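Student: Below you will find the structure I want to go over with you.
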Amino acid sequence: NSIVNLTNHWNILSRWVPSAVLTAKKDGGGEHDNIKLRAKAIKKFIKIAVELRLLNNWNSFFAIMIGLGSSTMSCLKETWKSVPSKYVT
């Protein structure tokens, strides 16, 4: 039962990450504003993943990393260019 719960949590978290990034929009803002907000959300998820790794919370760490590396996220080329390189390399 606990394995099922971990798996369900992992699936929810890994799908939530791209969803949260994609829905980061500024009301009335232009595309440039939306790119900046999405980049900020990506940066936040990377910071969270770093903390999870330090806490040895591997399940949530990998769920976030898989979410960030999803095909949906790889389509956001301009957004990724706006994420500071120290968070991407």
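FYI, nothing fancy with the structure tokens labels: chains A, B, ... in order, residues from 1 per chain, ligands from 1 as they appear.
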So that I can check the surroundings of Ser14 (chain A), please list as a ChimeraX atom specification every protein, DNA and RNA residue that reaches within 8 Å of it, counting only C-alpha atoms and ignoring chain neighbours fewer than 4 positions away.
Tutor: /A:10,18,63-67
Student: Give me every alpha helix (DSSP H) residue in chain A, going by DSSP on the backbone, as a PDB file with C-alpha atoms, in the first residue's frame.
Tutor:
ATOM      1  CA  SER A   2       2.794   2.438   0.807  1.00  0.00           C
ATOM      2  CA  ILE A   3       4.444   1.692  -2.563  1.00  0.00           C
ATOM      3  CA  VAL A   4       1.170   2.519  -4.303  1.00  0.00           C
ATOM      4  CA  ASN A   5       0.920   5.765  -2.340  1.00  0.00           C
ATOM      5  CA  LEU A   6       4.506   6.721  -3.243  1.00  0.00           C
ATOM      6  CA  THR A   7       3.847   5.962  -6.892  1.00  0.00           C
ATOM      7  CA  ASN A   8       0.638   7.986  -6.916  1.00  0.00           C
ATOM      8  CA  HIS A   9       2.388  10.916  -5.228  1.00  0.00           C
ATOM      9  CA  TRP A  10       5.248  10.713  -7.733  1.00  0.00           C
ATOM     10  CA  ASN A  11       2.845  10.705 -10.696  1.00  0.00           C
ATOM     11  CA  ILE A  12       0.884  13.670  -9.371  1.00  0.00           C
ATOM     12  CA  LEU A  13       4.014  15.701  -8.610  1.00  0.00           C
ATOM     13  CA  SER A  14       5.766  14.952 -11.909  1.00  0.00           C
ATOM     14  CA  ARG A  15       2.663  16.056 -13.846  1.00  0.00           C
ATOM     15  CA  TRP A  16       2.012  19.093 -11.658  1.00  0.00           C
ATOM     16  CA  VAL A  17       5.419  20.664 -12.366  1.00  0.00           C
ATOM     17  CA  PRO A  18       4.864  21.287 -16.110  1.00  0.00           C
ATOM     18  CA  SER A  19       1.257  22.224 -15.440  1.00  0.00           C
ATOM     19  CA  ALA A  20       2.298  24.857 -12.890  1.00  0.00           C
ATOM     20  CA  VAL A  21       4.948  26.257 -15.235  1.00  0.00           C
ATOM     21  CA  LEU A  22       2.598  26.406 -18.211  1.00  0.00           C
ATOM     22  CA  GLU A  31       4.311  36.936 -24.180  1.00  0.00           C
ATOM     23  CA  HIS A  32       7.587  38.342 -22.819  1.00  0.00           C
ATOM     24  CA  ASP A  33       6.010  38.740 -19.358  1.00  0.00           C
ATOM     25  CA  ASN A  34       4.701  35.172 -19.507  1.00  0.00           C
ATOM     26  CA  ILE A  35       8.121  33.825 -20.496  1.00  0.00           C
ATOM     27  CA  LYS A  36       9.671  35.613 -17.511  1.00  0.00           C
ATOM     28  CA  LEU A  37       7.053  34.170 -15.150  1.00  0.00           C
ATOM     29  CA  ARG A  38       7.496  30.649 -16.533  1.00  0.00           C
ATOM     30  CA  ALA A  39      11.290  30.989 -16.184  1.00  0.00           C
ATOM     31  CA  LYS A  40      10.801  32.124 -12.582  1.00  0.00           C
ATOM     32  CA  ALA A  41       8.623  29.061 -11.906  1.00  0.00           C
ATOM     33  CA  ILE A  42      11.272  26.757 -13.412  1.00  0.00           C
ATOM     34  CA  LYS A  43      13.947  28.386 -11.260  1.00  0.00           C
ATOM     35  CA  LYS A  44      11.769  27.857  -8.176  1.00  0.00           C
ATOM     36  CA  PHE A  45      11.258  24.168  -8.983  1.00  0.00           C
ATOM     37  CA  ILE A  46      15.006  23.725  -9.475  1.00  0.00           C
ATOM     38  CA  LYS A  47      15.645  25.320  -6.064  1.00  0.00           C
ATOM     39  CA  ILE A  48      13.046  23.021  -4.495  1.00  0.00           C
ATOM     40  CA  ALA A  49      14.671  20.004  -6.155  1.00  0.00           C
ATOM     41  CA  VAL A  50      18.073  20.997  -4.748  1.00  0.00           C
ATOM     42  CA  GLU A  51      16.607  21.184  -1.237  1.00  0.00           C
ATOM     43  CA  LEU A  52      14.850  17.839  -1.659  1.00  0.00           C
ATOM     44  CA  ARG A  53      18.145  16.276  -2.719  1.00  0.00           C
ATOM     45  CA  LEU A  54      19.875  17.681   0.353  1.00  0.00           C
ATOM     46  CA  TRP A  58      14.715  11.137  -3.635  1.00  0.00           C
ATOM     47  CA  ASN A  59      11.117  10.336  -4.565  1.00  0.00           C
ATOM     48  CA  SER A  60      10.046  13.986  -4.751  1.00  0.00           C
ATOM     49  CA  PHE A  61      13.412  15.094  -6.150  1.00  0.00           C
ATOM     50  CA  PHE A  62      13.143  12.761  -9.123  1.00  0.00           C
ATOM     51  CA  ALA A  63       9.467  13.549  -9.646  1.00  0.00           C
ATOM     52  CA  ILE A  64      10.322  17.251 -10.013  1.00  0.00           C
ATOM     53  CA  MET A  65      13.305  16.526 -12.248  1.00  0.00           C
ATOM     54  CA  ILE A  66      11.221  14.263 -14.492  1.00  0.00           C
ATOM     55  CA  GLY A  67       8.562  16.981 -14.641  1.00  0.00           C
ATOM     56  CA  LEU A  68      11.155  19.585 -15.628  1.00  0.00           C
ATOM     57  CA  SER A  71       8.525  16.722 -23.477  1.00  0.00           C
ATOM     58  CA  THR A  72       6.077  19.498 -22.615  1.00  0.00           C
ATOM     59  CA  MET A  73       8.825  21.454 -20.885  1.00  0.00           C
ATOM     60  CA  SER A  74      11.377  20.866 -23.645  1.00  0.00           C
ATOM     61  CA  LYS A  77      12.807  26.958 -25.692  1.00  0.00           C
ATOM     62  CA  GLU A  78      12.462  30.719 -25.096  1.00  0.00           C
ATOM     63  CA  THR A  79      11.480  30.127 -21.488  1.00  0.00           C
ATOM     64  CA  TRP A  80      14.523  27.925 -20.833  1.00  0.00           C
ATOM     65  CA  LYS A  81      16.754  30.612 -22.376  1.00  0.00           C
ATOM     66  CA  SER A  85      22.514  29.414 -16.584  1.00  0.00           C
ATOM     67  CA  LYS A  86      23.623  28.601 -13.015  1.00  0.00           C
ATOM     68  CA  TYR A  87      20.282  26.816 -12.554  1.00  0.00           C
ATOM     69  CA  VAL A  88      20.425  24.860 -15.811  1.00  0.00           C
TER      70      VAL A  88
END
Student: To one decimal place, how far is CA of Lys25 (chain A) from CA of Cys75 (chain A) in Å?
Tutor: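 A separation of 16.7 Å between them.
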